[in-house]
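> Sharing run_12.cif (mmCIF, C-alpha atoms) below.
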```cif
data_my_file
loop_
_atom_site.label_atom_id
_atom_site.label_comp_id
_atom_site.auth_asym_id
_atom_site.auth_seq_id
_atom_site.Cartn_x
_atom_site.Cartn_y
_atom_site.Cartn_z
CA MET A 1 39.21 13.26 70.91
CA ASP A 2 41.76 15.41 69.16
CA PRO A 3 40.21 17.20 66.12
CA LEU A 4 43.25 16.28 64.03
CA GLU A 5 42.75 12.59 64.83
CA MET A 6 39.05 12.86 63.93
CA GLN A 7 39.93 14.44 60.59
CA HIS A 8 42.52 11.72 59.96
CA ASP A 9 39.95 8.98 60.76
CA SER A 10 37.40 10.52 58.39
CA LYS A 11 39.95 10.54 55.59
CA LYS A 12 40.72 6.91 56.22
CA SER A 13 37.03 6.02 56.14
CA ASN A 14 36.55 7.80 52.78
CA LYS A 15 39.38 5.87 51.20
CA PRO A 16 37.97 3.26 48.76
CA LYS A 17 38.42 -0.32 49.82
CA TYR A 18 40.58 -2.61 47.80
CA SER A 19 38.76 -5.23 45.76
CA LYS A 20 39.81 -7.48 42.92
CA PHE A 21 36.77 -6.32 40.93
CA THR A 22 37.70 -2.62 41.00
CA GLN A 23 41.34 -3.43 40.31
CA GLN A 24 40.41 -5.76 37.41
CA GLU A 25 42.14 -8.71 39.03
CA LEU A 26 39.31 -11.23 38.76
CA PRO A 27 40.21 -14.62 37.27
CA ALA A 28 40.23 -14.39 33.48
CA CYS A 29 41.51 -16.22 30.45
CA LYS A 30 44.80 -14.59 29.50
CA PRO A 31 46.36 -16.81 26.84
CA LEU A 32 50.04 -16.45 26.12
CA LEU A 33 50.31 -16.08 22.33
CA THR A 34 53.34 -18.21 21.64
CA PRO A 35 54.35 -18.94 18.03
CA ALA A 36 53.03 -22.49 18.34
CA ILE A 37 49.58 -21.31 19.50
CA VAL A 38 49.30 -18.61 16.81
CA ILE A 39 50.40 -20.90 13.98
CA SER A 40 48.11 -23.72 15.20
CA THR A 41 45.12 -21.35 15.42
CA PHE A 42 45.57 -20.02 11.88
CA LEU A 43 46.13 -23.56 10.61
CA LEU A 44 42.98 -24.85 12.31
CA VAL A 45 40.81 -22.02 10.93
CA GLY A 46 42.19 -22.58 7.44
CA ILE A 47 41.64 -26.34 7.56
CA LEU A 48 38.02 -25.81 8.68
CA PHE A 49 37.10 -22.94 6.37
CA VAL A 50 38.54 -24.16 3.06
CA PRO A 51 36.43 -27.38 2.87
CA ILE A 52 33.29 -25.45 3.93
CA GLY A 53 33.97 -22.90 1.20
CA LEU A 54 34.53 -25.60 -1.43
CA ALA A 55 31.32 -27.41 -0.42
CA SER A 56 29.30 -24.16 -0.46
CA LEU A 57 30.69 -23.11 -3.83
CA SER A 58 30.06 -26.57 -5.29
CA ALA A 59 26.43 -26.54 -4.04
CA SER A 60 25.90 -23.07 -5.47
CA GLN A 61 27.30 -24.07 -8.87
CA GLU A 62 24.90 -27.03 -9.06
CA ILE A 63 21.87 -24.72 -8.76
CA VAL A 64 20.16 -24.00 -12.07
CA GLU A 65 18.86 -20.46 -12.33
CA LEU A 66 16.94 -18.89 -15.20
CA VAL A 67 16.53 -15.09 -15.12
CA HIS A 68 14.51 -13.24 -17.75
CA ARG A 69 13.92 -9.49 -17.67
CA TYR A 70 10.66 -8.61 -19.35
CA ASP A 71 9.75 -5.03 -18.41
CA THR A 72 11.28 -3.54 -21.58
CA SER A 73 10.26 -6.21 -24.09
CA CYS A 74 6.64 -6.41 -22.88
CA VAL A 75 5.84 -2.75 -23.55
CA PRO A 76 5.29 -2.04 -27.26
CA SER A 77 4.59 1.66 -26.80
CA ALA A 78 7.18 4.41 -26.43
CA ASP A 79 5.01 5.93 -23.71
CA LYS A 80 5.60 3.17 -21.15
CA VAL A 81 3.90 4.93 -18.25
CA GLY A 82 0.83 5.70 -20.32
CA PHE A 83 0.66 2.12 -21.57
CA ILE A 84 0.86 0.58 -18.10
CA GLN A 85 -1.71 3.00 -16.63
CA ASP A 86 -4.28 2.42 -19.38
CA THR A 87 -6.80 -0.01 -17.88
CA LYS A 88 -8.33 -0.82 -21.28
CA THR A 89 -5.09 -2.07 -22.87
CA ASP A 90 -4.31 -5.78 -23.02
CA LYS A 91 -1.03 -6.17 -21.18
CA SER A 92 -0.45 -9.87 -21.77
CA CYS A 93 2.99 -10.77 -23.05
CA THR A 94 4.28 -14.19 -24.14
CA ARG A 95 7.93 -15.10 -23.69
CA THR A 96 9.67 -18.35 -24.71
CA LEU A 97 12.64 -19.58 -22.69
CA THR A 98 14.96 -22.57 -23.14
CA VAL A 99 16.00 -24.48 -20.04
CA PRO A 100 19.84 -24.72 -20.02
CA LYS A 101 20.09 -27.72 -17.63
CA HIS A 102 17.90 -30.28 -15.92
CA MET A 103 15.92 -28.54 -13.16
CA LYS A 104 14.83 -30.77 -10.28
CA SER A 105 11.64 -30.03 -8.41
CA PRO A 106 10.66 -28.09 -6.46
CA ILE A 107 11.50 -25.17 -8.75
CA GLN A 108 11.10 -21.78 -7.09
CA ILE A 109 9.46 -18.96 -9.07
CA TYR A 110 10.44 -15.44 -8.03
CA TYR A 111 9.69 -11.99 -9.31
CA GLN A 112 12.66 -9.66 -9.18
CA ILE A 113 12.26 -5.89 -8.96
CA GLY A 114 15.11 -3.42 -9.36
CA ASP A 115 15.48 0.17 -8.12
CA PHE A 116 12.50 -0.13 -5.77
CA TYR A 117 13.46 1.25 -2.36
CA GLN A 118 11.21 -0.67 0.00
CA ASN A 119 13.56 0.34 2.83
CA HIS A 120 12.60 4.03 2.56
CA ARG A 121 11.62 5.31 6.00
CA ARG A 122 8.19 6.67 5.04
CA TYR A 123 7.37 3.54 3.04
CA VAL A 124 8.38 1.15 5.85
CA LYS A 125 6.35 3.14 8.42
CA SER A 126 3.20 3.21 6.28
CA ARG A 127 1.41 0.21 7.79
CA SER A 128 -0.60 -0.77 10.87
CA ASP A 129 0.55 -4.02 12.46
CA LYS A 130 -2.33 -4.03 14.94
CA GLN A 131 -4.86 -3.58 12.15
CA LEU A 132 -3.36 -6.55 10.28
CA LEU A 133 -3.67 -8.78 13.33
CA TYR A 134 -6.81 -7.76 15.22
CA LYS A 135 -10.37 -7.59 13.91
CA ASP A 136 -11.35 -4.65 16.14
CA ALA A 137 -8.33 -2.51 15.18
CA ALA A 138 -9.52 -1.32 11.76
CA HIS A 139 -9.54 2.29 13.03
CA LEU A 140 -5.85 2.23 14.04
CA THR A 141 -4.52 3.93 10.93
CA LYS A 142 -2.40 6.82 12.24
CA ASP A 143 0.82 5.42 10.70
CA CYS A 144 -0.75 4.57 7.32
CA GLU A 145 -0.56 7.95 5.59
CA PRO A 146 -1.37 8.57 2.81
CA GLU A 147 -3.45 5.40 2.22
CA VAL A 148 -5.77 5.64 5.23
CA TYR A 149 -9.43 6.04 4.11
CA GLY A 150 -11.36 4.81 1.11
CA ALA A 151 -13.66 6.78 -1.17
CA ASP A 152 -16.55 6.40 1.31
CA GLY A 153 -14.45 7.69 4.24
CA ALA A 154 -14.16 4.28 5.93
CA PRO A 155 -10.73 2.92 6.95
CA ILE A 156 -8.83 0.86 4.42
CA VAL A 157 -7.92 -2.66 5.53
CA PRO A 158 -5.02 -3.26 5.09
CA CYS A 159 -3.97 0.38 5.08
CA GLY A 160 -0.65 1.96 4.16
CA LEU A 161 1.64 2.28 1.17
CA ILE A 162 3.17 -1.19 1.47
CA ALA A 163 -0.12 -3.01 1.01
CA TRP A 164 -1.33 -0.44 -1.56
CA SER A 165 1.71 -1.12 -3.80
CA LEU A 166 1.20 -4.92 -3.81
CA PHE A 167 2.81 -6.61 -6.84
CA ASN A 168 0.19 -7.67 -9.39
CA ASP A 169 1.98 -9.22 -12.38
CA THR A 170 0.91 -12.82 -13.02
CA TYR A 171 2.64 -15.73 -14.76
CA THR A 172 1.12 -18.70 -16.59
CA ILE A 173 3.75 -21.32 -17.49
CA SER A 174 3.71 -24.12 -20.04
CA VAL A 175 6.44 -26.70 -20.69
CA ASN A 176 6.61 -27.91 -24.31
CA LYS A 177 3.11 -26.43 -24.84
CA LYS A 178 1.72 -28.34 -21.87
CA ALA A 179 0.36 -26.18 -19.05
CA ILE A 180 1.81 -26.83 -15.61
CA GLU A 181 0.41 -25.83 -12.25
CA VAL A 182 2.11 -23.21 -10.13
CA ASN A 183 1.72 -24.00 -6.43
CA LYS A 184 1.18 -20.79 -4.47
CA LYS A 185 0.62 -22.39 -1.06
CA ASP A 186 3.14 -22.06 1.79
CA ILE A 187 5.13 -19.35 0.05
CA ALA A 188 5.01 -17.11 3.15
CA TRP A 189 6.72 -17.62 6.48
CA GLN A 190 4.58 -19.65 8.86
CA SER A 191 5.44 -17.29 11.72
CA ASP A 192 4.13 -14.32 9.70
CA LYS A 193 0.87 -16.13 8.90
CA ASN A 194 0.27 -17.12 12.52
CA LYS A 195 1.54 -14.09 14.45
CA LYS A 196 1.29 -11.03 12.18
CA PHE A 197 -1.90 -11.51 10.15
CA GLY A 198 -5.27 -12.27 11.73
CA SER A 199 -7.40 -15.20 10.66
CA ASP A 200 -10.54 -13.11 11.32
CA VAL A 201 -9.35 -9.91 9.57
CA TYR A 202 -10.72 -9.40 6.06
CA PRO A 203 -9.84 -6.74 3.44
CA ARG A 204 -12.15 -3.73 3.27
CA ASN A 205 -12.16 -0.68 0.96
CA PHE A 206 -8.89 -1.90 -0.52
CA GLN A 207 -7.87 -0.35 -3.89
CA ASN A 208 -11.19 1.44 -4.33
CA GLY A 209 -9.77 4.96 -4.53
CA ASN A 210 -8.96 7.09 -7.55
CA LEU A 211 -5.36 5.86 -7.82
CA ILE A 212 -4.81 2.10 -7.90
CA GLY A 213 -1.40 1.06 -6.63
CA GLY A 214 -1.23 -2.66 -7.33
CA ALA A 215 -3.10 -5.92 -6.86
CA LYS A 216 -6.57 -6.21 -5.38
CA LEU A 217 -7.45 -8.60 -2.56
CA ASN A 218 -10.30 -11.07 -2.28
CA GLU A 219 -12.53 -9.71 0.49
CA SER A 220 -13.83 -13.20 1.35
CA ILE A 221 -10.36 -14.52 2.28
CA PRO A 222 -8.76 -13.54 5.64
CA LEU A 223 -5.40 -11.79 5.63
CA SER A 224 -3.68 -14.81 7.19
CA GLU A 225 -4.39 -16.73 3.97
CA GLN A 226 -3.46 -13.96 1.53
CA GLU A 227 0.07 -15.26 1.06
CA ASP A 228 1.02 -12.94 -1.80
CA LEU A 229 0.29 -10.01 0.50
CA ILE A 230 2.20 -11.55 3.42
CA VAL A 231 5.27 -12.10 1.23
CA TRP A 232 5.08 -8.52 -0.07
CA MET A 233 4.64 -6.99 3.39
CA ARG A 234 8.04 -8.33 4.49
CA THR A 235 9.96 -5.37 3.08
CA ALA A 236 13.34 -5.81 1.43
CA ALA A 237 16.54 -4.20 2.69
CA LEU A 238 18.09 -3.55 -0.73
CA PRO A 239 16.69 -1.78 -3.82
CA THR A 240 16.96 -4.91 -5.99
CA PHE A 241 15.16 -7.84 -4.44
CA ARG A 242 13.35 -11.09 -5.15
CA LYS A 243 10.12 -12.35 -3.65
CA LEU A 244 8.65 -15.82 -3.92
CA TYR A 245 5.74 -16.10 -6.36
CA GLY A 246 5.15 -19.87 -6.31
CA ARG A 247 6.65 -23.30 -6.97
CA ILE A 248 6.67 -25.83 -9.79
CA GLU A 249 6.40 -29.34 -8.34
CA THR A 250 7.60 -31.25 -11.44
CA ASP A 251 11.04 -31.62 -13.01
CA ILE A 252 11.93 -29.70 -16.16
CA MET A 253 14.41 -31.35 -18.48
CA GLU A 254 17.32 -29.81 -20.34
CA ASN A 255 16.39 -27.96 -23.57
CA ASP A 256 12.68 -27.96 -22.70
CA GLN A 257 10.80 -24.94 -24.03
CA LEU A 258 9.12 -22.79 -21.39
CA THR A 259 6.27 -20.60 -22.58
CA VAL A 260 5.39 -17.90 -20.07
CA VAL A 261 2.31 -15.72 -20.49
CA ILE A 262 2.91 -12.59 -18.43
CA GLN A 263 0.24 -10.13 -17.39
CA ASN A 264 2.44 -7.04 -17.28
CA ASN A 265 0.36 -4.94 -14.87
CA TYR A 266 2.83 -3.60 -12.30
CA ASN A 267 4.06 -0.06 -12.85
CA THR A 268 7.83 0.15 -12.40
CA TYR A 269 8.18 2.54 -15.34
CA SER A 270 7.22 5.71 -13.48
CA PHE A 271 10.29 5.41 -11.22
CA GLY A 272 12.68 3.74 -13.68
CA GLY A 273 12.56 0.30 -12.08
CA SER A 274 12.98 -3.10 -13.67
CA LYS A 275 11.15 -6.45 -13.50
CA ALA A 276 12.38 -9.97 -14.11
CA LEU A 277 11.07 -13.52 -13.84
CA VAL A 278 13.39 -15.95 -12.02
CA LEU A 279 13.16 -19.75 -11.98
CA SER A 280 15.62 -21.46 -9.67
CA THR A 281 16.33 -24.79 -8.05
CA THR A 282 17.60 -24.95 -4.46
CA SER A 283 20.18 -26.85 -2.43
CA TRP A 284 21.19 -27.12 1.23
CA ILE A 285 22.51 -23.53 1.10
CA GLY A 286 19.29 -22.17 -0.42
CA GLY A 287 19.40 -20.35 -3.75
CA LYS A 288 22.37 -19.55 -5.95
CA ASN A 289 24.91 -17.61 -3.89
CA ASN A 290 28.62 -17.77 -4.66
CA PHE A 291 29.52 -15.17 -2.03
CA ILE A 292 29.36 -17.59 0.93
CA GLY A 293 31.75 -20.05 -0.70
CA VAL A 294 34.13 -17.33 -1.88
CA ALA A 295 34.13 -15.72 1.58
CA TYR A 296 34.98 -19.00 3.34
CA LEU A 297 37.69 -19.81 0.79
CA SER A 298 39.19 -16.32 1.10
CA VAL A 299 39.34 -16.37 4.90
CA GLY A 300 40.58 -19.97 5.02
CA GLY A 301 43.22 -19.39 2.36
CA PHE A 302 44.42 -16.21 4.08
CA CYS A 303 44.72 -18.04 7.42
CA LEU A 304 46.72 -20.86 5.81
CA PHE A 305 49.00 -18.27 4.20
CA LEU A 306 49.58 -16.54 7.56
CA ALA A 307 50.24 -19.88 9.26
CA LEU A 308 52.86 -20.74 6.63
CA LEU A 309 54.39 -17.25 6.80
CA PHE A 310 54.73 -17.29 10.60
CA LEU A 311 56.17 -20.82 10.49
CA VAL A 312 58.85 -19.77 7.99
CA LEU A 313 59.69 -16.66 10.01
CA TYR A 314 59.91 -18.69 13.22
CA MET A 315 62.23 -21.21 11.61
CA ILE A 316 64.46 -18.58 9.97
CA LYS A 317 64.59 -16.12 12.87
CA PRO A 318 63.58 -17.89 16.08
CA ARG A 319 63.03 -15.67 19.08
CA THR A 320 63.53 -16.69 22.70
CA LEU A 321 60.40 -16.26 24.80
CA GLY A 322 60.48 -14.17 27.94
CA ASP A 323 59.79 -15.57 31.39
CA PRO A 324 55.97 -15.64 31.85
CA SER A 325 56.39 -15.31 35.62
CA PHE A 326 57.22 -11.63 35.14
CA LEU A 327 53.83 -10.90 33.58
CA SER A 328 51.71 -8.59 35.72
CA TRP A 329 48.94 -11.11 36.31
CA ASN A 330 51.45 -13.72 37.47
CA ARG A 331 53.06 -11.48 40.12
CA CYS A 332 51.67 -10.60 43.54
CA THR A 333 50.94 -6.90 43.94
CA LEU A 334 53.12 -5.05 46.40
CA ASP A 335 50.42 -2.92 48.00
CA TYR A 336 47.84 -5.63 48.61
CA PRO A 337 48.08 -9.34 49.16
CA ASN A 338 46.16 -11.79 46.98
#
```
So, in terms of structure tokens, how does the structure I just supplied come out?


Amino acid sequence: MDPLEMQHDSKKSNKPKYSKFTQQELPACKPLLTPAIVISTFLLVGILFVPIGLASLSASQEIVELVHRYDTSCVPSADKVGFIQDTKTDKSCTRTLTVPKHMKSPIQIYYQIGDFYQNHRRYVKSRSDKQLLYKDAAHLTKDCEPEVYGADGAPIVPCGLIAWSLFNDTYTISVNKKAIEVNKKDIAWQSDKNKKFGSDVYPRNFQNGNLIGGAKLNESIPLSEQEDLIVWMRTAALPTFRKLYGRIETDIMENDQLTVVIQNNYNTYSFGGSKALVLSTTSWIGGKNNFIGVAYLSVGGFCLFLALLFLVLYMIKPRTLGDPSFLSWNRCTLDYPN
């Protein structure tokens, strides 16, 4: 065979084969955005979003929320850090609150902390998920620095800064001088209790060092039942956050007097943080949150405005549509057949 013909054949064999996949000619949805379609789409989105926004905003406005900051008023001393670190000082504080509107049960009790960066990288890393879940994993503490070993050199269970800094303020609530029970069961996610904390893992050597970070744990109760700890271990994304403390299972009427005895133990003063007690009812959207309703109303209203604007423009200055048959995906290619 002629060498030139062989070279020509090799070039032909190296040439890529035509395919609709490589040429991006596979069947696809390619809508033609006519004025009618665009106006109808904006109109449909607006009609759907505006009622959802109104319903969400109405549900949020019906929620009764009572927020009381107590970190400044519950410290009589000018030396706040010294006061909170003194173990011999009585830190109980009594606050009286008036309920502005009727609060239907269940009433959620939260503690709110400000300027506490639980999302800090070193803080988030300082835990051992295997140790929390498995009984034989107490020695797995490599990620728990600096809270790894107790005073006797044995591993701390649960180890790490997150558990060590467990919130330890307590609230005792009375309505019109009548004590009411705060239900602290089922305040944690069921998935966390079942899948992240072991039912046979018990606290050991916890808060027995020289520096006490927060609350102590009952060593006779497994971690899967320590719901205050489970709630705290789900770290917050923002520096100001709320965590569920408990629930009140009875209604509280308008103008009732709430007497709250606070054990002000948690140290937010050393880093300039704040603490507040929050009582809130709930609705189908959860707690009080105007943002969802405002967002839906804003998007829906903007879409209705665009639909009206395009309709007026189309009526004032109509524009003749081109022939869709000349679009590239509606014409056969010249080089290759379909």

> Quick one, how far is CA of Asn194 in chain A from CA of Tyr123 in chain A?

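Taking CA of Asn194 in chain A and CA of Tyr123 in chain A, their separation equals 23.8 Å.
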
> Enter the distance from CA of Arg95 in chain A to CA of Tyr70 in chain A, in Å, rounded to one decimal.

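Computing the Euclidean distance for CA of Arg95 in chain A and CA of Tyr70 in chain A yields 8.3 Å.
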
> What gap, in Å, lies between CA of Ser224 in chain A and CA of Thr282 in chain A?

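CA of Thr282 in chain A lies 26.3 Å from CA of Ser224 in chain A.
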
> Counting all atoms listed in the file, which residues come within 12 Å of (40.1, -23.7, 9.1), with the point read in the file's coordinates, and could you list them as an MDAnalysis selection string?

chainID A and resid 39:53 296:307

> Taking 5 positions as the minimum chain separation for residues in the same chain, which residues sit within 12 Å of Glu145 in chain A when counting all atoms listed in the file? Answer as a ChimeraX atom specification.

/A:122-128,140,155-156,159-164

> Counting all atoms listed in the file, find the residues whose atoms lie at most 10 Å from (8.0, -2.1, -11.6) (file coordinates) and write them out as a list of chain:residue names.

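Here is the list of nearby residues: A:Asp71, A:Gln112, A:Ile113, A:Gly114, A:Asp115, A:Phe116, A:Phe167, A:Asn168, A:Asp169, A:Asn264, A:Asn265, A:Tyr266, A:Asn267, A:Thr268, A:Tyr269, A:Ser270, A:Phe271, A:Gly272, A:Gly273, A:Ser274, A:Lys275, A:Ala276.
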
> Measuring atom to atom with all atoms listed in the file, identify which of A:Arg242, A:His68, A:Leu166, A:Ser60 is nearest to Ala215 in chain A.

A:Leu166

> So, with only C-alpha atoms as the atoms that count, which of A:Gln118, A:Ser283, A:Asn218, A:Ser325 lies closest to Pro239 in chain A?

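Under the stated criterion, the closest residue is A:Gln118.
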
> On this file, the PyMOL selection byres ((chain A and resi 136) around 12) gives some set of residues; write that set as a ChimeraX atom specification.

/A:130-135,137-140,155,157,198,200-202
